[in-house]
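Heads up, structure_21.txt below (compact mmCIF, C-alpha atoms):
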```txt
# COMPACT_ATOMS: atom_id res chain seq x y z
CA MET B 1 73.69 108.64 138.30
CA THR B 2 72.99 111.97 136.59
CA ARG B 3 75.20 114.84 137.75
CA ARG B 4 72.88 117.25 139.54
CA ARG B 5 73.59 120.94 139.89
CA ILE B 6 71.98 122.32 143.03
CA VAL B 7 71.08 126.01 143.18
CA HIS B 8 70.53 127.57 146.58
CA PRO B 9 66.85 128.63 146.71
CA LEU B 10 67.61 131.94 148.45
CA ALA B 11 70.22 132.98 145.93
CA ILE B 12 68.39 132.61 142.63
CA ARG B 13 65.54 134.47 141.07
CA PHE B 14 64.56 132.62 137.90
CA LEU B 15 63.36 134.21 134.68
CA ASN B 16 60.52 136.74 135.05
CA ARG B 17 58.85 135.27 138.10
CA GLY B 18 60.46 137.68 140.51
CA ALA B 19 61.87 136.80 143.89
CA ILE B 20 59.99 136.34 147.13
CA GLN B 21 62.42 137.58 149.70
CA PRO B 22 62.47 135.27 152.69
CA GLN B 23 61.72 136.82 156.04
CA LEU B 24 64.76 135.60 157.85
CA LYS B 25 64.96 135.56 161.59
CA GLY B 26 68.38 134.72 162.82
CA ARG B 27 69.91 131.61 161.31
CA TRP B 28 66.77 129.55 161.02
CA GLY B 29 63.97 131.82 159.70
CA PRO B 30 60.35 132.03 160.86
CA HIS B 31 59.33 128.55 159.70
CA PHE B 32 62.12 126.61 161.36
CA GLN B 33 62.77 126.31 165.05
CA PRO B 34 66.42 126.19 166.05
CA PRO B 35 67.42 122.90 167.61
CA SER B 36 67.46 122.70 171.36
CA PRO B 37 71.01 122.86 172.64
CA SER B 38 72.24 119.57 173.99
CA SER B 39 74.12 121.40 176.71
CA ILE B 40 74.92 124.90 177.91
CA PHE B 41 78.09 124.66 175.87
CA ASP B 42 76.22 124.18 172.55
CA PRO B 43 78.05 126.44 170.05
CA THR B 44 75.05 126.90 167.73
CA PRO B 45 74.84 130.66 166.97
CA ARG B 46 71.63 132.53 167.67
CA ASP B 47 70.24 135.52 165.76
CA VAL B 48 73.23 135.72 163.47
CA PRO B 49 72.47 137.95 160.47
CA VAL B 50 72.13 135.98 157.25
CA PRO B 51 74.09 137.47 154.34
CA SER B 52 72.04 138.78 151.45
CA PRO B 53 71.90 136.60 148.33
CA PRO B 54 74.06 137.72 145.43
CA PRO B 55 72.44 140.20 143.04
CA ILE B 56 70.67 138.82 140.00
CA THR B 57 72.53 139.92 136.88
CA ALA B 58 71.67 139.46 133.22
CA SER B 59 74.47 136.91 132.83
CA SER B 60 73.41 134.88 135.88
CA ARG B 61 69.80 134.93 134.67
CA ARG B 62 70.81 133.59 131.26
CA LEU B 63 73.00 130.96 132.89
CA GLU B 64 69.97 129.72 134.81
CA MET B 65 67.99 129.58 131.56
CA PHE B 66 70.81 127.54 130.06
CA TYR B 67 70.71 125.06 132.95
CA ARG B 68 67.01 124.53 132.31
CA TYR B 69 66.84 124.50 128.52
CA GLY B 70 70.40 124.12 127.17
CA ASN B 71 70.15 120.55 125.89
CA PHE B 72 71.38 121.15 122.31
CA THR B 73 74.94 121.26 120.99
CA MET B 74 75.32 125.03 120.62
CA ALA B 75 73.57 125.95 123.88
CA TYR B 76 76.71 126.65 125.91
CA ALA B 77 78.28 128.52 122.98
CA THR B 78 75.45 131.06 123.27
CA LEU B 79 77.15 132.27 126.48
CA GLN B 80 80.49 133.07 124.80
CA PRO B 81 81.90 136.61 125.16
CA GLY B 82 80.72 139.30 122.77
CA MET B 83 77.23 137.92 122.11
CA LYS B 84 74.02 139.95 122.11
CA TYR B 85 70.75 138.66 123.54
CA PHE B 86 67.04 138.94 122.88
CA GLU B 87 65.04 137.84 125.93
CA GLY B 88 61.37 137.06 126.26
CA HIS B 89 58.83 134.25 126.52
CA GLY B 90 60.84 132.68 129.36
CA GLY B 91 64.10 132.37 127.44
CA TYR B 92 66.51 134.03 125.04
CA LEU B 93 68.06 134.01 121.59
CA ALA B 94 71.80 134.66 121.23
CA TYR B 95 72.92 136.64 118.20
CA ASP B 96 75.55 138.92 116.73
CA THR B 97 75.79 141.17 113.69
CA SER B 98 78.17 141.48 110.75
CA LEU B 99 77.95 143.75 107.69
CA GLY B 100 74.45 144.79 108.73
CA ILE B 101 73.17 141.20 108.92
CA THR B 102 71.96 139.63 112.17
CA PHE B 103 72.99 136.02 112.84
CA VAL B 104 71.26 133.89 115.48
CA LEU B 105 73.28 131.05 117.01
CA GLY B 106 71.40 127.80 117.45
CA ASP B 107 67.94 127.19 118.85
CA PRO B 108 66.28 129.40 121.47
CA VAL B 109 67.39 128.69 125.02
CA ALA B 110 63.79 128.57 126.18
CA PRO B 111 60.85 126.22 126.74
CA GLN B 112 60.00 124.55 123.43
CA GLU B 113 56.42 125.78 123.58
CA SER B 114 57.82 129.33 123.61
CA TYR B 115 59.86 128.93 120.42
CA PRO B 116 57.24 130.32 117.98
CA GLY B 117 56.48 133.43 120.02
CA LEU B 118 60.11 134.18 120.80
CA ILE B 119 61.27 133.76 117.20
CA LYS B 120 58.36 135.82 115.82
CA SER B 121 59.11 138.65 118.25
CA PHE B 122 62.78 138.54 117.31
CA ILE B 123 62.33 138.75 113.55
CA GLU B 124 59.86 141.59 113.93
CA LYS B 125 62.71 143.55 115.51
CA HIS B 126 65.49 142.07 113.32
CA PRO B 127 63.98 141.38 109.89
CA ARG B 128 67.39 140.99 108.17
CA SER B 129 68.37 137.92 110.15
CA CYS B 130 69.81 134.48 109.49
CA PHE B 131 69.54 131.49 111.84
CA CYS B 132 72.59 129.20 112.04
CA GLN B 133 72.65 125.52 112.99
CA VAL B 134 69.04 125.16 114.09
CA SER B 135 66.97 122.02 114.68
CA PRO B 136 64.17 120.73 112.43
CA GLN B 137 61.62 122.15 114.88
CA VAL B 138 63.03 125.67 114.60
CA ALA B 139 63.47 125.25 110.83
CA ALA B 140 59.74 124.52 110.51
CA ILE B 141 58.86 127.63 112.55
CA LEU B 142 61.11 129.81 110.38
CA SER B 143 59.59 128.37 107.22
CA ARG B 144 56.07 129.20 108.42
CA LEU B 145 57.25 132.77 109.06
CA GLY B 146 58.49 133.09 105.48
CA TRP B 147 62.18 132.35 105.92
CA TYR B 148 64.09 130.23 103.39
CA VAL B 149 65.55 127.17 105.09
CA SER B 150 68.37 125.02 103.72
CA GLN B 151 70.18 122.04 105.18
CA PHE B 152 73.41 123.15 106.88
CA GLY B 153 74.93 119.76 107.64
CA ALA B 154 74.38 117.27 110.44
CA ASP B 155 74.98 116.72 114.14
CA MET B 156 76.00 113.38 115.64
CA GLU B 157 74.82 111.98 118.95
CA LEU B 158 76.03 109.09 121.10
CA ASP B 159 73.51 107.38 123.40
CA LEU B 160 75.86 106.91 126.34
CA PRO B 161 73.99 104.23 128.33
CA HIS B 162 74.13 101.92 125.30
CA TYR B 163 77.37 103.08 123.70
CA ASN B 164 80.69 101.25 123.73
CA PHE B 165 83.91 101.00 121.73
CA ASP B 166 83.57 97.34 120.83
CA GLY B 167 83.66 95.99 117.30
CA PRO B 168 85.97 96.35 114.30
CA GLN B 169 84.51 99.70 113.21
CA LYS B 170 85.77 101.37 116.40
CA GLY B 171 89.12 99.61 116.49
CA LYS B 172 91.05 102.86 115.94
CA PHE B 173 89.87 104.19 119.29
CA ARG B 174 91.10 101.12 121.12
CA GLN B 175 94.40 101.23 119.24
CA ALA B 176 94.87 104.91 120.10
CA ALA B 177 94.20 104.27 123.79
CA ARG B 178 96.70 101.39 123.91
CA LYS B 179 99.30 103.41 122.01
CA VAL B 180 99.33 106.42 124.36
CA GLU B 181 99.43 104.12 127.39
CA ARG B 182 102.24 102.02 125.93
CA GLU B 183 104.33 105.14 125.16
CA GLY B 184 104.01 106.49 128.70
CA TYR B 185 101.33 109.13 128.18
CA THR B 186 98.55 109.68 130.70
CA ILE B 187 95.07 111.18 130.37
CA VAL B 188 93.82 113.30 133.26
CA GLU B 189 90.90 115.57 134.01
CA ARG B 190 92.06 118.82 135.59
CA SER B 191 90.80 122.28 136.49
CA SER B 192 92.45 125.29 134.88
CA GLY B 193 94.28 126.11 138.10
CA GLU B 194 96.04 122.73 138.00
CA ILE B 195 97.51 123.29 134.52
CA ASP B 196 100.19 125.82 133.61
CA ARG B 197 98.48 128.56 131.60
CA VAL B 198 101.63 129.61 129.77
CA SER B 199 102.11 126.12 128.38
CA LEU B 200 98.47 126.01 127.22
CA GLU B 201 98.78 129.37 125.48
CA SER B 202 101.95 128.18 123.77
CA LEU B 203 100.26 124.95 122.70
CA SER B 204 97.26 126.85 121.28
CA ALA B 205 99.49 129.28 119.40
CA SER B 206 101.50 126.47 117.82
CA TRP B 207 98.29 124.64 116.91
CA ARG B 208 96.78 127.72 115.22
CA ALA B 209 100.00 128.22 113.27
CA THR B 210 99.35 124.93 111.47
CA LYS B 211 95.85 125.97 110.35
CA ARG B 212 94.75 127.90 107.29
CA VAL B 213 92.84 130.29 109.56
CA LYS B 214 95.34 131.61 112.11
CA ARG B 215 93.02 133.61 114.34
CA GLU B 216 90.96 132.26 117.25
CA ALA B 217 87.51 131.43 115.87
CA ARG B 218 84.27 132.50 117.50
CA PHE B 219 80.48 132.32 117.09
CA LEU B 220 79.99 128.92 115.40
CA VAL B 221 83.12 127.76 117.27
CA ARG B 222 83.35 129.34 120.67
CA PRO B 223 86.73 130.81 121.63
CA MET B 224 89.18 129.16 123.99
CA SER B 225 89.11 130.17 127.64
CA TYR B 226 92.05 129.55 129.96
CA GLU B 227 89.93 129.99 133.09
CA ASP B 228 87.54 127.57 134.73
CA GLU B 229 84.04 127.81 133.24
CA PRO B 230 80.76 126.62 134.80
CA ASP B 231 80.52 122.83 134.42
CA VAL B 232 82.97 122.71 131.48
CA ARG B 233 85.26 119.68 131.81
CA LYS B 234 88.76 119.52 130.36
CA PHE B 235 90.79 116.39 129.71
CA TYR B 236 94.53 116.58 129.07
CA LEU B 237 97.05 114.22 127.54
CA LEU B 238 100.37 114.44 129.41
CA ASP B 239 103.65 113.18 128.06
CA PRO B 240 106.02 111.12 130.28
CA THR B 241 107.52 114.38 131.67
CA GLY B 242 104.09 115.76 132.63
CA GLU B 243 103.82 118.31 129.79
CA VAL B 244 100.45 118.86 128.11
CA VAL B 245 100.57 117.79 124.46
CA SER B 246 96.83 117.71 123.70
CA PHE B 247 93.52 118.45 125.37
CA VAL B 248 89.76 118.48 124.74
CA ALA B 249 87.22 120.73 126.52
CA PHE B 250 83.65 119.44 126.82
CA ASP B 251 80.72 121.85 127.14
CA PRO B 252 77.76 120.75 129.30
CA LEU B 253 74.31 119.87 127.99
CA CYS B 254 71.62 120.65 130.53
CA GLU B 255 67.94 120.04 131.07
CA ARG B 256 65.70 120.95 134.02
CA GLY B 257 68.66 122.08 136.08
CA GLU B 258 70.68 118.91 135.56
CA THR B 259 73.69 118.10 133.41
CA ILE B 260 72.57 115.34 131.04
CA GLY B 261 75.67 115.10 128.85
CA TYR B 262 78.51 116.89 127.10
CA SER B 263 79.75 118.06 123.72
CA PRO B 264 83.43 118.39 122.72
CA ALA B 265 83.84 122.10 121.98
CA ILE B 266 87.55 122.95 121.94
CA LYS B 267 90.45 120.74 120.88
CA ARG B 268 94.16 121.47 120.76
CA ARG B 269 97.26 119.39 120.11
CA SER B 270 100.95 120.07 119.73
CA SER B 271 103.23 118.69 117.06
CA ALA B 272 104.66 116.42 119.76
CA ALA B 273 101.32 114.72 120.40
CA PRO B 274 101.15 111.08 119.35
CA THR B 275 98.92 109.90 116.53
CA GLY B 276 95.43 109.23 117.87
CA ALA B 277 95.69 111.69 120.78
CA GLU B 278 92.20 113.10 120.28
CA GLU B 279 90.65 109.66 119.86
CA ALA B 280 92.30 108.44 123.08
CA ILE B 281 91.16 111.50 125.07
CA THR B 282 87.59 111.30 123.77
CA LYS B 283 87.36 107.57 124.48
CA PHE B 284 88.56 108.19 128.04
CA ALA B 285 86.00 110.99 128.53
CA VAL B 286 83.11 109.06 127.00
CA GLU B 287 83.73 106.09 129.27
CA ARG B 288 83.90 108.36 132.31
CA PHE B 289 80.67 110.14 131.36
CA ARG B 290 78.94 106.80 130.87
CA THR B 291 79.98 105.50 134.29
CA GLU B 292 78.64 108.74 135.80
CA GLY B 293 75.21 107.96 134.38
CA LEU B 294 75.08 110.76 131.82
CA ARG B 295 72.72 110.32 128.89
CA VAL B 296 74.24 111.79 125.77
CA LEU B 297 77.36 113.03 124.03
CA ARG B 298 76.80 115.31 121.05
CA LEU B 299 79.81 115.42 118.73
CA GLY B 300 78.74 118.66 117.09
CA LEU B 301 78.33 119.95 113.58
CA LEU B 302 79.46 118.14 110.44
CA PRO B 303 79.38 121.29 108.27
CA PHE B 304 77.66 120.93 104.89
CA TYR B 305 77.60 117.14 105.21
CA GLN B 306 75.04 115.44 102.92
CA VAL B 307 73.28 118.71 102.06
CA GLU B 308 70.29 117.70 99.96
CA ASP B 309 67.02 119.25 98.86
CA SER B 310 65.40 120.84 101.89
CA GLU B 311 62.02 119.81 103.25
CA PHE B 312 61.18 123.52 103.30
CA PRO B 313 61.17 126.33 100.72
CA GLU B 314 64.82 127.24 100.27
CA SER B 315 67.37 129.22 98.32
CA VAL B 316 68.59 126.79 95.67
CA ARG B 317 71.69 128.90 95.06
CA LEU B 318 72.59 128.75 98.75
CA LYS B 319 72.19 124.97 98.77
CA LYS B 320 74.57 124.69 95.82
CA VAL B 321 77.12 126.90 97.59
CA PHE B 322 76.98 124.65 100.67
CA GLN B 323 77.52 121.58 98.49
CA TRP B 324 80.43 123.28 96.71
CA LEU B 325 82.04 124.27 100.03
CA TYR B 326 81.91 120.66 101.21
CA ARG B 327 83.69 119.49 98.06
CA THR B 328 86.33 122.23 97.80
CA GLY B 329 86.55 124.02 101.16
CA ASP B 330 89.66 122.13 102.24
CA ARG B 331 91.65 124.11 99.68
CA TRP B 332 91.18 127.48 101.37
CA ILE B 333 89.04 127.28 104.54
CA TYR B 334 88.71 123.90 106.21
CA SER B 335 88.72 120.20 105.43
CA PHE B 336 84.99 119.60 105.80
CA ARG B 337 85.22 116.13 104.29
CA GLY B 338 88.05 115.08 106.58
CA HIS B 339 86.11 116.42 109.57
CA ALA B 340 83.05 114.36 108.61
CA ASP B 341 85.13 111.23 108.02
CA PHE B 342 86.69 111.57 111.47
CA LYS B 343 83.34 111.89 113.26
CA HIS B 344 81.91 108.95 111.35
CA ARG B 345 84.36 106.71 113.21
CA TYR B 346 82.14 107.06 116.28
CA ARG B 347 79.19 105.45 114.50
CA GLY B 348 76.68 107.73 116.21
CA THR B 349 73.19 108.84 115.21
CA LEU B 350 72.99 111.69 112.70
CA SER B 351 70.36 114.43 112.68
CA LYS B 352 69.99 117.27 110.19
CA VAL B 353 70.63 120.90 111.13
CA TYR B 354 69.52 123.92 109.13
CA PHE B 355 70.33 127.48 108.06
CA GLY B 356 67.47 129.96 107.73
CA THR B 357 67.78 133.17 105.71
CA PHE B 358 65.46 136.11 105.12
CA THR B 359 66.22 136.26 101.37
CA ARG B 360 66.11 133.76 98.54
CA TRP B 361 68.61 135.40 96.18
CA ARG B 362 71.12 137.68 97.92
CA ASN B 363 72.92 135.25 100.18
CA ALA B 364 76.49 135.81 98.98
CA ILE B 365 76.82 138.81 101.28
CA ASN B 366 75.25 136.78 104.10
CA LEU B 367 77.93 134.08 103.81
CA ILE B 368 80.73 136.62 103.66
CA ALA B 369 79.31 138.33 106.74
CA LEU B 370 79.05 135.00 108.57
CA MET B 371 82.66 134.06 107.77
CA ARG B 372 83.81 137.48 109.02
CA LEU B 373 81.78 137.02 112.18
CA CYS B 374 83.43 133.62 112.79
CA ARG B 375 86.88 135.08 111.94
CA PHE B 376 87.30 132.63 109.09
CA VAL B 377 88.31 135.46 106.77
```
The structure in this file should be written as C-alpha cells.
Amino acid sequence: MTRRRIVHPLAIRFLNRGAIQPQLKGRWGPHFQPPSPSSIFDPTPRDVPVPSPPPITASSRRLEMFYRYGNFTMAYATLQPGMKYFEGHGGYLAYDTSLGITFVLGDPVAPQESYPGLIKSFIEKHPRSCFCQVSPQVAAILSRLGWYVSQFGADMELDLPHYNFDGPQKGKFRQAARKVEREGYTIVERSSGEIDRVSLESLSASWRATKRVKREARFLVRPMSYEDEPDVRKFYLLDPTGEVVSFVAFDPLCERGETIGYSPAIKRRSSAAPTGAEEAITKFAVERFRTEGLRVLRLGLLPFYQVEDSEFPESVRLKKVFQWLYRTGDRWIYSFRGHADFKHRYRGTLSKVYFGTFTRWRNAINLIALMRLCRFV
C-alpha cells in the first residue's frame, strides 16, 4: 500500500490559491454539531478555542509543491540549504550562482503543463543560465528556447512491484546480505535521534578523508544532515557491538501528495565496514519499500555515462569534454566509470538526462563554475 502523507486541511494554504479561513465555533465549527453527551459526566469540551494554524512560510509552501510534483530524482535535493528559488506558474525552479553563471538543479517542481511558461519566465530574468540533470521533456523545451542541450549521463530506475534480486546477475547482492548476517552485522532503520550523532560525524569525516575531494559536496549531491528530515529514511549497518559502520539515506519521491518511492542520496561507510555493506543495505531497503507497496526506486545519476550525439542542437566541444571526463575523471575528480559499473549491477531501466547551456562555445568557464558550486574544486 502506498505511503500516504496526510496534511491537515486547516493548516495548509497551497500555492497561490490563498486560504479560506474556516469560521470555527468551539471545537466543532458551524457545519458540525457536537455529539450529544451520553451522560452528564461526558468530558467532551464545549466552546474551546481552536489554535490558529501555523503560518505559511516560503519553505513550507515549497515543501507542499514538492509533495505534489517531486517525482524525479533531484526533486528533494532542490530543498537543500543555500538554494535560491524562482516561483511562478504553480511551482518553482531551484538554482544557485557561481562565477556569474546561474545553474538550475533538475526539472521544475511544478505541474508539467507549466514547464514551458515557468522556464521561459526564468530565462528572461536569468539569461546566462545552465540547466543541470534535466529530463528529455525539459531538454526539448530548452532547445526550443534556443539553449544548447547535451547529454549529461543517465538515471536508473527500478520498478519495485516487479523487481527482485533473483538470478545470477544479481548474485553479489545476495552474497553481500548473507555475508553481513553471517559476520554478526545487523541492518536497521532508525531516526536521527536513535543514532549517536558524534559517531556519525566521525564516520563521515573518516569517509571524506579517503576521497579525492575532501569537502562536503552540495548542489548536484546534497549535503549530509544529521537531523531528521521530512520523509527521508535512513538505514544503518551495525557491527556486533552496535556501532554504525555504514549507512544510506533515501530521499522521497512524491506525487499528488503521496510518497511513491525513494532515491539513495547519501552514503557513508567506515574502513571497518565489511565488503558489500552498501549492497546489503540497499537490498534490505528495496525489499522493505516493495513490501510497503511503493512504486519506484531511482538510483540517481550515472554522470557522463554513454554520452552520445544529442537529439538537440548542442555544443560539440562540451559533449567531447563530458566524454573525456568519463574516461579520465577518476584520476583527479571521481571514478565515473566505477560508479556506472556499480549501478549496472541492479539491472534497472536507464533514461537519458541532459545539460542545457546558453552558449555554444564558452562552456569551459561554465564547467569550472559548476565544479566550484558543487565544491568539487
Mind giving me the straight-line distance from CA of Ser310 (chain B) to CA of Cys132 (chain B) in Å, one decimal?
-> 15.0 Å
How big is the axis-aligned box around the listed atoms of region 65-76 of chain B once 6 Å is added on each side, and where is its centre? Give both in Å to one decimal, as lines of an AutoDock Vina configuration file.
```
center_x = 71.8
center_y = 125.1
center_z = 126.8
size_x = 21.9
size_y = 21.0
size_z = 24.3
```
Grab the CA of Gly167 (chain B) to CA of Thr349 (chain B) distance for me, in Å with one decimal place.
->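 Value for the CA of Gly167 (chain B)-CA of Thr349 (chain B) distance: 16.7 Å.
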Surrounding residues of Met224 (chain B) excluding itself and chain neighbours under 6 positions, 10 Å, only C-alpha atoms, as number ranges by chain = B: 80, 201, 204, 216-218, 249, 265-268
Non-local contacts of region 82-87 of chain B (12 Å; only C-alpha atoms; under 5 positions in same chain excluded) as a PyMOL selection string = chain B and resi 15-16+58-59+61-62+65+76-77+92-98+102-105+108-110+114-115+117-126+218-220+222-223+373-374
Polymer residues at most 10 Å from Ala177 (chain B), all atoms listed in the file, same-chain spacing of 5 or more positions, as a list in words |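 Skipping anything fewer than 5 positions along the chain leaves Lys172, Arg182, Tyr185, Thr186, Ile187, Gly276, Ala277, Glu278, Glu279, Ala280, Ile281, Thr282, Lys283 and Phe284 of chain B.
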For Val321 (chain B), which of B:Ser150, B:Glu181, B:Trp207, B:Leu200 is the closest residue, counting all atoms listed in the file?
->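 Checking each candidate against Val321 (chain B), we get B:Ser150 as the closest.
Of the listed residues B:Val50, B:Leu79, B:Ile195, B:Val221, the one whose atoms come nearest to Met371 (chain B) is B:Val221, with distances taken using only C-alpha atoms.
In this comparison, which uses only C-alpha atoms, the residue of B:Phe66, B:Tyr148, B:Pro303, B:Val244 approaching Arg317 (chain B) most closely is B:Tyr148.
Note that the spacing between CA of Asn366 (chain B) and CA of Arg128 (chain B) amounts to 9.8 Å.
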For Asp341 (chain B): contacts at 12 Å, all atoms listed in the file, fewer than 4 positions along chain excluded, given as JSON, numbers by chain | {"B": [302, 303, 305, 335, 336, 337, 345, 346, 347]}
Between B:Arg215, B:Arg290, B:Arg144, B:Arg256, which one has atoms that come closest to His162 (chain B), using only C-alpha atoms?
->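 Using only C-alpha atoms, the shortest distance to His162 (chain B) belongs to B:Arg290.
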Measuring atom to atom with all atoms listed in the file, identify which of B:Leu203, B:Ala273, B:Leu253, B:Leu325 is nearest to Tyr226 (chain B).
->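 Closest to Tyr226 (chain B) of all the choices is B:Leu203.
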Which one is closest to Thr210 (chain B): B:Asn71, B:Arg269, B:Ile141, B:Gly356? Count only C-alpha atoms.
->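 Answer, going by the shortest atom-to-atom distance: B:Arg269.
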